[in-house]
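Note sheet for the following structure.
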Amino acid sequence: MMDFSHFYHIVAKSPLQHWLETLPALIASWQHQMLSKNYQLLERAVQNLPSLTPEFLDLLHGVVADHTQITVRQRAGMEKLLRILMPWRKGPFVLYGITIDSEWRSELKWERVLPHISPLSGRIVLDVGCSSGYYMWRILGHGAHLVVGVDPVPIFLYQFEAVRKLLGNDQRAHVIPLSIEQIPALHAFDTIFSMGILCHRRSPLDHLCQLRSQLVRGGELVLETLVIQGDAQRVLVPQKSYAKMRNIYFIPSSQALKNWIEKCGFCNVRIVNHSITTVDEQRCTNWMPRESLSSFLDQKDSTKTIEGYPAPQRAVFIATAFA
């Protein structure tokens with residue numbers, strides 16, 4: 001069972017320390033639930049991976065680690081274990097000659113976001129809906145002091161811990177298997193990333209208020225999500241599904257979302273990027289062999305989803321918590 005004691009020790013010496021009033025009980029409850037579910041295979045895969053300290057590590061330009069003494073046999077054994085943790089949604093990771101070619105080429109989104117955010121050096125950062133933790137490692141590459149990821153999906157915790165073992169057991173980053181709704185108002189993070197999460201929330205304004213309650217005064221929100229074309233009153237509410245996803249609830253126009261962000265306690269809200277999601281950025285691979293974007297679009301008109309809605313486009317917003 002995953003051990004969170006080191007994270008508790010770090011939290012106790014940080015501005016997050018009052019989180020310890022509720023966090024251990026929530027983690028204990030999660031651990032109890034995991035005992036009754038079939039995650040032993042994932043647990044063993046992580047346990048059986050070697051703990052490696054890379055000779056070469058690059059988190060600035062990707063998540064790349066290597067060591068000249070890794071043998072072909074060792075590499076094959078590691079790849080077999082990493083494949084047990086499929087599907088890999090976010091990446092890529094290049095680890096000792098093994099390229100985890102994830103569904104999303106997350107480096108493309110990172111490159112769209114990075115030019116617009118405040119310097120991360122020395123910051124305490126929260127990544128909401130962190131998945132495998134790809135962005136967390138990139139954030140560390142830019143000098144963050146501590147990065148906490150929250151995501152309630154168990155496989156993402158195992159993927160993160162697998163990568164951590166192969167990156168020298170770095171304790172500056174931690175994934176907690178909870179949702180943002182389970183975190184009390186900490187007012188302790190300098191930067192928060194919410195990447196591709198808002199459209200999955202039944203109450204998007206509540207989500208924005210939850211993000212605001214985690215930031216210090218003057219802290220920065222980095223939000224990326226689905227948007228549609230239209231004026232400040234335009235919001236798409238899919239009837240049953242959007243691009244075959246049944247957990248898409250609201251897709252606002254960029255101007256509507258800018259208004260929502262301002263309404264929830266943020267100022268200096270900027271829309272810094274718009275992009276069309278392409279089948280080069282989101283696709284099935286041999287590390288994620290299930291359906292992906294090409295199956296979610298109208299086969300005769302790629303500007304529409306299979307349901308007839310506008311095809312996915314995304315926007316990046318930067319905002320400041322009211323001082």
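Simple scheme: letters A, B, ... for chains in structure tokens order, numbers from 1 for residues in each chain, numbers from 1 for ligands in the order shown.
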
Exercise. Which residues come within 12 Å of Gly77 in chain A, counting only C-alpha atoms, excluding same-chain residues fewer than 2 positions away, as a list in words?
Worked result: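 Surrounding residues, per the criterion: Ala45, Asn48, Leu49, Pro50, Ile70, Thr71, Val72, Arg73, Gln74, Arg75, Glu79, Lys80, Leu81, Leu82, Arg83, Ile84, Tyr96 and Ile98 of chain A.
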
Within 12 Å of range 288-311 of chain A, which residues of range 167-284 of chain A come that close, and what is the closest atom pair and distance in Å for each? Count only C-alpha atoms and give it as CSV.
```
residue,atom,partner,partner_atom,distance
A:Leu226,CA,A:Ala311,CA,9.8
A:Val227,CA,A:Pro310,CA,9.7
A:Ile228,CA,A:Pro310,CA,7.3
A:Gln229,CA,A:Pro310,CA,8.7
A:Gly230,CA,A:Pro310,CA,11.5
A:Leu236,CA,A:Tyr309,CA,8.9
A:Val237,CA,A:Tyr309,CA,10.2
A:Pro238,CA,A:Tyr309,CA,8.1
A:Gln239,CA,A:Glu307,CA,9.5
A:Lys240,CA,A:Glu307,CA,9.0
A:Ser241,CA,A:Glu307,CA,7.5
A:Tyr242,CA,A:Glu307,CA,6.7
A:Ala243,CA,A:Phe296,CA,4.7
A:Lys244,CA,A:Phe296,CA,6.0
A:Met245,CA,A:Phe296,CA,8.8
A:Arg246,CA,A:Glu307,CA,11.5
A:Ile251,CA,A:Pro310,CA,10.5
A:Ser253,CA,A:Pro310,CA,11.8
A:Ser275,CA,A:Ala311,CA,11.2
A:Ile276,CA,A:Ala311,CA,8.0
A:Thr277,CA,A:Ala311,CA,8.0
A:Thr278,CA,A:Leu293,CA,7.8
A:Val279,CA,A:Leu293,CA,6.0
A:Asp280,CA,A:Leu293,CA,9.3
A:Glu281,CA,A:Leu293,CA,9.0
A:Gln282,CA,A:Leu293,CA,5.9
A:Arg283,CA,A:Ser292,CA,5.1
A:Cys284,CA,A:Pro289,CA,5.2
```

For this session: Between A:Phe317, A:Tyr134, A:Tyr158, A:Trp88, single out the one closest to Ile117 in chain A, counting only C-alpha atoms.
Result: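 Selected residue with least distance to Ile117 in chain A: A:Phe317.
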
For this session: Mind listing the alpha helix (DSSP H) residues of range 136-266 of chain A, per DSSP on the backbone, as a PyMOL selection string?
Result: chain A and resi 136-141+154-166+204-214+254-263

For this session: Please identify all polymer residues within 9 Å of His200 in chain A, counting only C-alpha atoms, omitting same-chain residues fewer than 2 positions from it, and present them as JSON, numbers by chain.
Result: {"A": [196, 197, 198, 202, 203, 204, 247, 248, 249, 250]}

Exercise. Got a sec: who's within 10 Å of Glu262 in chain A, counting only C-alpha atoms, leaving out chain neighbours fewer than 3 positions off, as a list in words?
Worked result: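 Listing them by chain and then by number gives Leu208, Leu257, Lys258, Asn259, Gly265, Phe266, Cys267, Asn268, Val269, Ala319, Thr320, Ala321 and Phe322 of chain A.
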
Exercise. Could you work out how far CA of Glu55 in chain A lies from CA of Ser106 in chain A, giving the answer in Å with one decimal?
Worked result: 24.4 Å

Exercise. Between A:Asn273, A:Gln255, A:Val125, A:Gly143, which has the minimum distance to Leu221 in chain A (counting only C-alpha atoms)?
Worked result: A:Val125

For this session: Tell me, in Å to one decimal, how far CA of Val148 in chain A is from CA of Leu126 in chain A.
Result: 4.9 Å

Exercise. Looking only at the backbone, which of the residues in range 28-229 of chain A does DSSP tag as strand (DSSP E), as a VMD selection string?
Worked result: chain A and resid 56 to 58 64 to 66 90 to 91 93 to 95 98 to 100 104 to 105 124 to 128 146 to 150 173 to 176 189 to 195 215 to 227

Output of the above residues as a PDB file, in the first residue's frame, restricted to C-alpha atoms:
```pdb
ATOM      1  CA  PHE A  56      21.145  12.260 -17.276  1.00  0.00           C
ATOM      2  CA  LEU A  57      17.888  13.993 -16.331  1.00  0.00           C
ATOM      3  CA  ASP A  58      16.100  16.677 -18.319  1.00  0.00           C
ATOM      4  CA  VAL A  64      13.834  12.404 -20.027  1.00  0.00           C
ATOM      5  CA  ALA A  65      16.114  10.186 -17.927  1.00  0.00           C
ATOM      6  CA  ASP A  66      18.958   7.895 -18.891  1.00  0.00           C
ATOM      7  CA  LYS A  90      -0.579  12.053 -20.435  1.00  0.00           C
ATOM      8  CA  GLY A  91       3.095  12.165 -21.387  1.00  0.00           C
ATOM      9  CA  PHE A  93       8.083  10.053 -20.841  1.00  0.00           C
ATOM     10  CA  VAL A  94      11.466   8.946 -22.182  1.00  0.00           C
ATOM     11  CA  LEU A  95      12.977   6.732 -19.492  1.00  0.00           C
ATOM     12  CA  ILE A  98      11.796   3.487 -23.187  1.00  0.00           C
ATOM     13  CA  THR A  99       9.449   6.003 -24.775  1.00  0.00           C
ATOM     14  CA  ILE A 100       6.007   6.007 -23.147  1.00  0.00           C
ATOM     15  CA  TRP A 104      -1.854  13.145 -25.357  1.00  0.00           C
ATOM     16  CA  ARG A 105       1.305  14.862 -26.512  1.00  0.00           C
ATOM     17  CA  ILE A 124       4.482  25.851  -4.061  1.00  0.00           C
ATOM     18  CA  VAL A 125       2.279  24.575  -6.865  1.00  0.00           C
ATOM     19  CA  LEU A 126      -0.971  22.588  -7.069  1.00  0.00           C
ATOM     20  CA  ASP A 127      -1.859  20.584 -10.188  1.00  0.00           C
ATOM     21  CA  VAL A 128      -5.567  19.713 -10.152  1.00  0.00           C
ATOM     22  CA  LEU A 146       7.079  21.733  -4.072  1.00  0.00           C
ATOM     23  CA  VAL A 147       4.442  20.387  -6.468  1.00  0.00           C
ATOM     24  CA  VAL A 148       1.288  18.648  -5.229  1.00  0.00           C
ATOM     25  CA  GLY A 149      -0.978  16.859  -7.677  1.00  0.00           C
ATOM     26  CA  VAL A 150      -4.515  15.764  -6.814  1.00  0.00           C
ATOM     27  CA  ALA A 173       6.517  16.198  -6.069  1.00  0.00           C
ATOM     28  CA  HIS A 174       3.620  14.190  -4.641  1.00  0.00           C
ATOM     29  CA  VAL A 175       0.299  12.940  -5.965  1.00  0.00           C
ATOM     30  CA  ILE A 176      -2.591  12.691  -3.507  1.00  0.00           C
ATOM     31  CA  PHE A 189      -0.389  27.664  -3.079  1.00  0.00           C
ATOM     32  CA  ASP A 190       1.469  30.228  -5.158  1.00  0.00           C
ATOM     33  CA  THR A 191       0.326  28.766  -8.506  1.00  0.00           C
ATOM     34  CA  ILE A 192      -2.501  26.412  -9.428  1.00  0.00           C
ATOM     35  CA  PHE A 193      -2.835  24.539 -12.699  1.00  0.00           C
ATOM     36  CA  SER A 194      -6.266  23.300 -13.787  1.00  0.00           C
ATOM     37  CA  MET A 195      -5.651  21.743 -17.197  1.00  0.00           C
ATOM     38  CA  LEU A 215      -4.317  30.231  -3.605  1.00  0.00           C
ATOM     39  CA  VAL A 216      -2.418  32.780  -1.565  1.00  0.00           C
ATOM     40  CA  ARG A 217      -3.407  36.389  -2.138  1.00  0.00           C
ATOM     41  CA  GLY A 218      -1.903  37.416  -5.427  1.00  0.00           C
ATOM     42  CA  GLY A 219      -1.392  33.773  -6.418  1.00  0.00           C
ATOM     43  CA  GLU A 220      -1.752  32.717 -10.031  1.00  0.00           C
ATOM     44  CA  LEU A 221      -4.340  30.476 -11.693  1.00  0.00           C
ATOM     45  CA  VAL A 222      -3.407  28.725 -14.924  1.00  0.00           C
ATOM     46  CA  LEU A 223      -6.559  27.290 -16.441  1.00  0.00           C
ATOM     47  CA  GLU A 224      -6.923  25.406 -19.724  1.00  0.00           C
ATOM     48  CA  THR A 225     -10.238  23.987 -20.891  1.00  0.00           C
ATOM     49  CA  LEU A 226     -12.621  23.368 -23.766  1.00  0.00           C
ATOM     50  CA  VAL A 227     -14.333  26.450 -25.176  1.00  0.00           C
TER      51      VAL A 227
END
```

For this session: Show which residues sit within 9 Å of Val46 in chain A, as a list of chain:residue names. Count only C-alpha atoms, and ignore same-chain residues fewer than 5 positions away.
Result: A:Leu41, A:Leu81, A:Leu82, A:Leu85, A:Tyr158, A:Gln159, A:Glu161, A:Ala162, A:Val163, A:Lys165

For this session: Might you pull out every residue within 12 Å of range 11-13 of chain A, with only C-alpha atoms counted and same-chain residues fewer than 4 positions away left off, and present them as a PyMOL selection string?
Result: chain A and resi 4-7+17-21+23-24+124+146-148+171-174+186+188

Exercise: Ala256 in chain A partners within 7 Å, only C-alpha atoms, chain neighbours under 5 positions left out, as an mmCIF file with N, CA, C and O atoms, in the first residue's frame:
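And here's part-v4.cif as it stands now:
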```
data_model
loop_
_atom_site.group_PDB
_atom_site.id
_atom_site.type_symbol
_atom_site.label_atom_id
_atom_site.label_comp_id
_atom_site.auth_asym_id
_atom_site.auth_seq_id
_atom_site.Cartn_x
_atom_site.Cartn_y
_atom_site.Cartn_z
ATOM 1 N N ALA A 232 -20.354 36.501 -24.940
ATOM 2 C CA ALA A 232 -20.224 36.265 -23.510
ATOM 3 C C ALA A 232 -21.411 35.532 -22.899
ATOM 4 O O ALA A 232 -21.355 35.134 -21.733
ATOM 5 N N GLN A 233 -22.496 35.345 -23.668
ATOM 6 C CA GLN A 233 -23.645 34.603 -23.163
ATOM 7 C C GLN A 233 -23.709 33.162 -23.701
ATOM 8 O O GLN A 233 -24.610 32.421 -23.371
ATOM 9 N N ARG A 234 -22.725 32.787 -24.514
ATOM 10 C CA ARG A 234 -22.785 31.486 -25.193
ATOM 11 C C ARG A 234 -22.162 30.383 -24.320
ATOM 12 O O ARG A 234 -21.004 30.469 -23.917
#
```

For this session: Kindly give the distance, in Å, that separates CA of Tyr8 in chain A and CA of Arg212 in chain A, rounded to a single decimal.
Result: 23.3 Å

Problem set entry | Nearest-residue call for Met86 in chain A, choices A:Ile155, A:Val316, A:Ala185, A:Ala323, using only C-alpha atoms |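 Nearest to Met86 in chain A: A:Ile155.
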